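A short write-up of the structure that comes next.
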Amino acid sequence: MVNQLLFLYCALVIIGTALLTVRFKNPVHSVLAVLVLFFHMAGLYLLLNAEFLAAIQIIVYAGAILVLYLFVLFLVNLRQEVKVERFVASHRLSALVSICLGICLLAILPFFKLGAKGNYPVGRIEQLTHTKAMGLEIYSTFLLPFEIAGLILLIAVIGGLVLARNDKEVAENELSDSPSAGTCEVQE
Amino acid sequence: MIPLSWYMALAAILFSIGIYGFLVRRNIIIMFLAMELMLNAVNLNLVAMSHYLDSLRGQTFTLFIITVAAAEAAIGLGLVIVLFRNKRTVYVDHINELKG
């Protein structure tokens with residue numbers, strides 16, 4: 001009973017903040033609404049006995065990814081966003097499409113059947129603790145995907161560095177540096 | 001005990017809201033946020049199913065999805081910065097050079 005109430009509270013907050021995220025005029029308010037959403041998502045993970053994932057959700061999503069979004073929002077100018085129209089011209093059609101999709105997804109749900117049970121019942125996870133059970137699974141069955149995830153992070157680091165470098169400024173600096181260096185030598 | 005269908009219904013609703021935000025907003029950063037909403041809906045589905053199936057596969061998948069989402073956010077926002085530097089705009093309907 002308490003669990004169901006907790007679920008309903010988290011679900012209501014998640015749906016509400018998700019709607020606010022896509023409706024808010026100011027992008028900073030949107031990011032803050034997503035922050036609340038991520039915390040309640042972590043609450044749902046706790047209800048599902050996935051405490052490691054709840055911690056990861058808060059640390060990586062709320063702590064790292066959203067801060068990245070806020071930084072980029074501050075680099076891009078905000079002033080006009082509050083005045084400018086925030087929706088594309090065809091937003092009524094888009095709303096219709098997404099509502100139809102939602103109804104279709106909900107209509108499909110009753111026909112879902114659970115597959116065969118795995119070998120990690122709740123009791124065993126509780127006995128091992130969730131983090132250890134996840135570690136056992138990752139470092140045995142999912143070792144190769146784990147390595148690939150590391151590679152993807154490396155690519156993200158290199159890609160971020162390459163994209164954020166300002167080629168024009170670098171070129172201009174080199175251009176302006178070399179003649180001035182030349183004139184210095186001439187003066188000397 | 002919470003039925004599995006509640007979680008799946010919540011995930012479906014959250015996914016549709018994400019699609020709505022992605023289609024409706026002009027600001028490309030908010031479109032990325034809507035994509036994060038969709039990823040979270042999928043994550044919720046995976047974690048719920050792995051709990052009800054007594055398996056850890058879905059939760060491991062969720063961990064990998066979070067990793068890929070972090071990489072995607074880093075590169076996507078880097079692209080947004082390059083876009084803003086070259087065109088001085090983050091509105092998708094201003095970026096229409098390829099439109100016939």
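Labeling convention for the structure tokens: chains A, B, ... as they appear, residues from 1 per chain, ligands from 1 in order of appearance.
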For chain B against chain A, with a cut-off of 7 Å and counting only C-alpha atoms, what is the closest atom pair and its distance in Å to one decimal for every residue that makes the cut, ordered by chain and number, as a Markdown table?
```
| residue | atom | partner | partner_atom | distance |
| --- | --- | --- | --- | --- |
| B:Ile2 | CA | A:Gln4 | CA | 5.9 |
| B:Ala9 | CA | A:Leu106 | CA | 6.1 |
| B:Leu10 | CA | A:Ala11 | CA | 6.7 |
| B:Ala12 | CA | A:Leu105 | CA | 6.0 |
| B:Ile13 | CA | A:Gly102 | CA | 5.9 |
| B:Leu14 | CA | A:Ile15 | CA | 6.5 |
| B:Ser16 | CA | A:Gly102 | CA | 5.1 |
| B:Ile17 | CA | A:Leu19 | CA | 6.7 |
| B:Ile19 | CA | A:Ser98 | CA | 6.1 |
| B:Tyr20 | CA | A:Ser98 | CA | 5.3 |
| B:Gly21 | CA | A:Val22 | CA | 5.0 |
| B:Leu23 | CA | A:Ser94 | CA | 5.8 |
| B:Val24 | CA | A:His91 | CA | 5.1 |
| B:Arg25 | CA | A:Phe87 | CA | 4.7 |
| B:Arg26 | CA | A:Val88 | CA | 5.5 |
| B:Ile30 | CA | A:Pro27 | CA | 6.9 |
| B:Ala48 | CA | A:Leu48 | CA | 6.5 |
| B:His51 | CA | A:Leu48 | CA | 6.3 |
| B:Leu53 | CA | A:Lys117 | CA | 4.9 |
| B:Asp54 | CA | A:Pro121 | CA | 4.4 |
| B:Ser55 | CA | A:Gly118 | CA | 4.5 |
| B:Leu56 | CA | A:Tyr120 | CA | 6.6 |
| B:Thr60 | CA | A:Ile138 | CA | 6.7 |
| B:Phe64 | CA | A:Ala149 | CA | 6.6 |
| B:Thr67 | CA | A:Ala149 | CA | 6.7 |
| B:Ala70 | CA | A:Ile65 | CA | 6.2 |
| B:Ala71 | CA | A:Ala156 | CA | 5.0 |
| B:Ala73 | CA | A:Ile65 | CA | 6.7 |
| B:Ala74 | CA | A:Gly160 | CA | 6.2 |
| B:Ile75 | CA | A:Gly160 | CA | 5.4 |
| B:Leu77 | CA | A:Val72 | CA | 6.8 |
| B:Gly78 | CA | A:Leu163 | CA | 5.6 |
| B:Leu79 | CA | A:Leu163 | CA | 6.5 |
| B:Val82 | CA | A:Leu163 | CA | 6.7 |
```
Identify, on the basis of only C-alpha atoms, every residue whose closest approach to B:Met31 does not exceed 6 Å; exclude the query and any residue fewer than 3 positions from it along the same chain; express the result as an mmCIF file with N, CA and C atoms, in the first residue's frame.
```cif
data_model
loop_
_atom_site.group_PDB
_atom_site.id
_atom_site.type_symbol
_atom_site.label_atom_id
_atom_site.label_comp_id
_atom_site.auth_asym_id
_atom_site.auth_seq_id
_atom_site.Cartn_x
_atom_site.Cartn_y
_atom_site.Cartn_z
ATOM 1 N N PHE B 22 10.143 16.799 -28.524
ATOM 2 C CA PHE B 22 11.117 16.790 -29.620
ATOM 3 C C PHE B 22 10.510 17.388 -30.877
ATOM 4 N N ILE B 28 17.051 23.852 -29.975
ATOM 5 C CA ILE B 28 17.651 22.531 -30.174
ATOM 6 C C ILE B 28 18.100 21.932 -28.837
ATOM 7 N N ALA B 34 14.384 16.637 -24.435
ATOM 8 C CA ALA B 34 13.266 15.731 -24.698
ATOM 9 C C ALA B 34 13.780 14.341 -25.038
#
```
Near-B:Asn27 list (7 Å; only C-alpha atoms; drop same-chain fewer than 5 positions) as number ranges by chain: B: 90-92
Now that the selection is made, can you save its residues with N, CA and C atoms as a compact mmCIF listing (two decimals), in the first residue's frame?
```txt
# COMPACT_ATOMS: atom_id res chain seq x y z
N VAL B 90 20.08 28.93 -32.22
CA VAL B 90 19.87 27.54 -31.79
C VAL B 90 18.47 27.09 -32.18
N TYR B 91 17.80 27.85 -33.06
CA TYR B 91 16.44 27.49 -33.45
C TYR B 91 16.47 26.64 -34.70
N VAL B 92 15.80 25.49 -34.64
CA VAL B 92 15.91 24.54 -35.75
C VAL B 92 15.28 25.08 -37.02
```
I need the residue nearest B:Thr62 from this list: B:Met1, B:Leu44, B:Met8, B:Leu37. Use only C-alpha atoms for the distance. B:Leu44
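In this structure, atom CA of A:Leu35 sits 9.8 Å away from atom CA of A:Val67.
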Length of the atom CA of B:Phe15 to atom CA of B:Met38 vector [Å]: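 Between atom CA of B:Phe15 and atom CA of B:Met38 the gap works out to 4.8 Å.
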Using DSSP on the backbone coordinates, identify all residues within stretch 48-107 of chain A classified as helix (DSSP H, G or I); present the result as a PyMOL selection string. chain A and resi 51-75+79-83+91-107
Let me see the file: selected residues, N, CA and C atoms, as a short mmCIF file (atom, residue, chain, number, x, y, z; two decimals), in the first residue's frame.
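In the end it all went to result.cif:
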```cif
data_model
loop_
_atom_site.label_atom_id
_atom_site.label_comp_id
_atom_site.auth_asym_id
_atom_site.auth_seq_id
_atom_site.Cartn_x
_atom_site.Cartn_y
_atom_site.Cartn_z
N GLU A 51 19.19 -0.04 -6.19
CA GLU A 51 19.76 1.14 -5.53
C GLU A 51 21.03 1.64 -6.22
N PHE A 52 21.81 0.73 -6.84
CA PHE A 52 23.00 1.17 -7.55
C PHE A 52 22.61 2.08 -8.71
N LEU A 53 21.58 1.66 -9.46
CA LEU A 53 21.14 2.48 -10.59
C LEU A 53 20.56 3.80 -10.13
N ALA A 54 19.89 3.81 -8.95
CA ALA A 54 19.37 5.08 -8.44
C ALA A 54 20.52 6.04 -8.16
N ALA A 55 21.60 5.52 -7.55
CA ALA A 55 22.77 6.37 -7.29
C ALA A 55 23.37 6.86 -8.59
N ILE A 56 23.51 5.95 -9.58
CA ILE A 56 24.08 6.34 -10.87
C ILE A 56 23.21 7.40 -11.54
N GLN A 57 21.88 7.21 -11.43
CA GLN A 57 20.95 8.17 -12.03
C GLN A 57 21.20 9.56 -11.47
N ILE A 58 21.35 9.65 -10.14
CA ILE A 58 21.54 10.97 -9.55
C ILE A 58 22.92 11.51 -9.87
N ILE A 59 23.96 10.65 -9.79
CA ILE A 59 25.32 11.16 -9.98
C ILE A 59 25.54 11.54 -11.43
N VAL A 60 25.20 10.62 -12.38
CA VAL A 60 25.54 10.88 -13.78
C VAL A 60 24.52 11.81 -14.42
N TYR A 61 23.23 11.49 -14.29
CA TYR A 61 22.23 12.31 -14.98
C TYR A 61 22.09 13.67 -14.33
N ALA A 62 21.73 13.68 -13.04
CA ALA A 62 21.47 14.96 -12.38
C ALA A 62 22.77 15.72 -12.15
N GLY A 63 23.85 14.99 -11.86
CA GLY A 63 25.09 15.68 -11.51
C GLY A 63 25.91 16.11 -12.70
N ALA A 64 26.02 15.25 -13.72
CA ALA A 64 26.94 15.56 -14.81
C ALA A 64 26.21 16.07 -16.04
N ILE A 65 25.23 15.32 -16.53
CA ILE A 65 24.63 15.67 -17.82
C ILE A 65 23.87 16.98 -17.73
N LEU A 66 23.10 17.17 -16.65
CA LEU A 66 22.30 18.39 -16.56
C LEU A 66 23.18 19.62 -16.37
N VAL A 67 24.31 19.45 -15.65
CA VAL A 67 25.23 20.59 -15.50
C VAL A 67 25.80 20.97 -16.85
N LEU A 68 26.07 19.95 -17.69
CA LEU A 68 26.55 20.21 -19.06
C LEU A 68 25.51 21.02 -19.83
N TYR A 69 24.24 20.62 -19.70
CA TYR A 69 23.16 21.36 -20.38
C TYR A 69 23.12 22.81 -19.91
N LEU A 70 23.24 23.00 -18.58
CA LEU A 70 23.18 24.37 -18.05
C LEU A 70 24.34 25.20 -18.57
N PHE A 71 25.55 24.61 -18.64
CA PHE A 71 26.71 25.34 -19.15
C PHE A 71 26.45 25.79 -20.58
N VAL A 72 25.95 24.88 -21.42
CA VAL A 72 25.72 25.23 -22.82
C VAL A 72 24.63 26.29 -22.93
N LEU A 73 23.60 26.20 -22.06
CA LEU A 73 22.56 27.23 -22.08
C LEU A 73 23.13 28.60 -21.74
N PHE A 74 24.12 28.63 -20.84
CA PHE A 74 24.67 29.93 -20.49
C PHE A 74 25.60 30.45 -21.58
N LEU A 75 26.22 29.53 -22.36
CA LEU A 75 27.05 29.99 -23.47
C LEU A 75 26.20 30.56 -24.59
N ARG A 79 18.45 35.73 -23.74
CA ARG A 79 17.55 36.87 -23.67
C ARG A 79 16.37 36.75 -24.62
N GLN A 80 16.66 36.36 -25.88
CA GLN A 80 15.58 36.38 -26.86
C GLN A 80 14.61 35.22 -26.65
N GLU A 81 15.08 34.12 -26.03
CA GLU A 81 14.24 32.92 -25.90
C GLU A 81 12.94 33.23 -25.16
N VAL A 82 13.02 34.13 -24.16
CA VAL A 82 11.84 34.41 -23.35
C VAL A 82 10.77 35.14 -24.17
N LYS A 83 11.23 35.94 -25.16
CA LYS A 83 10.25 36.70 -25.96
C LYS A 83 9.80 35.94 -27.20
N HIS A 91 2.94 22.85 -34.59
CA HIS A 91 2.95 22.17 -33.30
C HIS A 91 1.63 21.46 -33.01
N ARG A 92 0.52 21.88 -33.62
CA ARG A 92 -0.75 21.17 -33.36
C ARG A 92 -0.70 19.75 -33.94
N LEU A 93 -0.16 19.66 -35.18
CA LEU A 93 -0.03 18.33 -35.81
C LEU A 93 0.90 17.45 -34.98
N SER A 94 2.01 18.03 -34.48
CA SER A 94 2.96 17.26 -33.67
C SER A 94 2.29 16.76 -32.40
N ALA A 95 1.47 17.61 -31.77
CA ALA A 95 0.76 17.19 -30.56
C ALA A 95 -0.16 16.01 -30.86
N LEU A 96 -0.86 16.11 -32.00
CA LEU A 96 -1.77 15.03 -32.40
C LEU A 96 -1.00 13.73 -32.58
N VAL A 97 0.14 13.81 -33.30
CA VAL A 97 0.95 12.61 -33.56
C VAL A 97 1.40 11.99 -32.25
N SER A 98 1.90 12.82 -31.30
CA SER A 98 2.42 12.24 -30.06
C SER A 98 1.29 11.66 -29.21
N ILE A 99 0.11 12.32 -29.22
CA ILE A 99 -1.01 11.76 -28.44
C ILE A 99 -1.44 10.41 -29.03
N CYS A 100 -1.49 10.33 -30.37
CA CYS A 100 -1.85 9.06 -31.02
C CYS A 100 -0.84 7.97 -30.65
N LEU A 101 0.45 8.34 -30.68
CA LEU A 101 1.49 7.37 -30.33
C LEU A 101 1.31 6.88 -28.90
N GLY A 102 1.03 7.83 -27.97
CA GLY A 102 0.83 7.45 -26.58
C GLY A 102 -0.34 6.50 -26.43
N ILE A 103 -1.45 6.80 -27.11
CA ILE A 103 -2.64 5.93 -27.02
C ILE A 103 -2.32 4.54 -27.57
N CYS A 104 -1.59 4.50 -28.72
CA CYS A 104 -1.23 3.20 -29.29
C CYS A 104 -0.39 2.39 -28.31
N LEU A 105 0.63 3.04 -27.71
CA LEU A 105 1.51 2.33 -26.77
C LEU A 105 0.72 1.79 -25.60
N LEU A 106 -0.20 2.63 -25.06
CA LEU A 106 -0.99 2.19 -23.91
C LEU A 106 -1.94 1.07 -24.30
N ALA A 107 -2.45 1.10 -25.55
CA ALA A 107 -3.38 0.07 -25.98
C ALA A 107 -2.68 -1.27 -26.17
#
```
Atom pair atom CA of B:Arg85 + atom CA of B:Lys99, distance 21.3 Å
Can you pull out every residue within 8 Å of B:Ala11, counting only C-alpha atoms, but drop anything in the same chain fewer than 5 positions away, and send it as a VMD selection string? chain B and resid 41 to 42 44 to 45
Could you take the residues named above and write them with N, CA and C atoms, as a PDB file, in the first residue's frame?
```pdb
ATOM      1  N   ALA B  41      12.499   7.050 -20.181  1.00  0.00           N
ATOM      2  CA  ALA B  41      11.329   6.175 -20.267  1.00  0.00           C
ATOM      3  C   ALA B  41      11.767   4.746 -20.573  1.00  0.00           C
ATOM      4  N   VAL B  42      12.700   4.610 -21.532  1.00  0.00           N
ATOM      5  CA  VAL B  42      13.186   3.271 -21.882  1.00  0.00           C
ATOM      6  C   VAL B  42      13.900   2.639 -20.693  1.00  0.00           C
ATOM      7  N   LEU B  44      13.377   3.169 -17.548  1.00  0.00           N
ATOM      8  CA  LEU B  44      12.391   2.751 -16.541  1.00  0.00           C
ATOM      9  C   LEU B  44      11.770   1.408 -16.924  1.00  0.00           C
ATOM     10  N   ASN B  45      11.440   1.284 -18.218  1.00  0.00           N
ATOM     11  CA  ASN B  45      10.884   0.025 -18.698  1.00  0.00           C
ATOM     12  C   ASN B  45      11.846  -1.134 -18.461  1.00  0.00           C
TER      13      ASN B  45
END
```
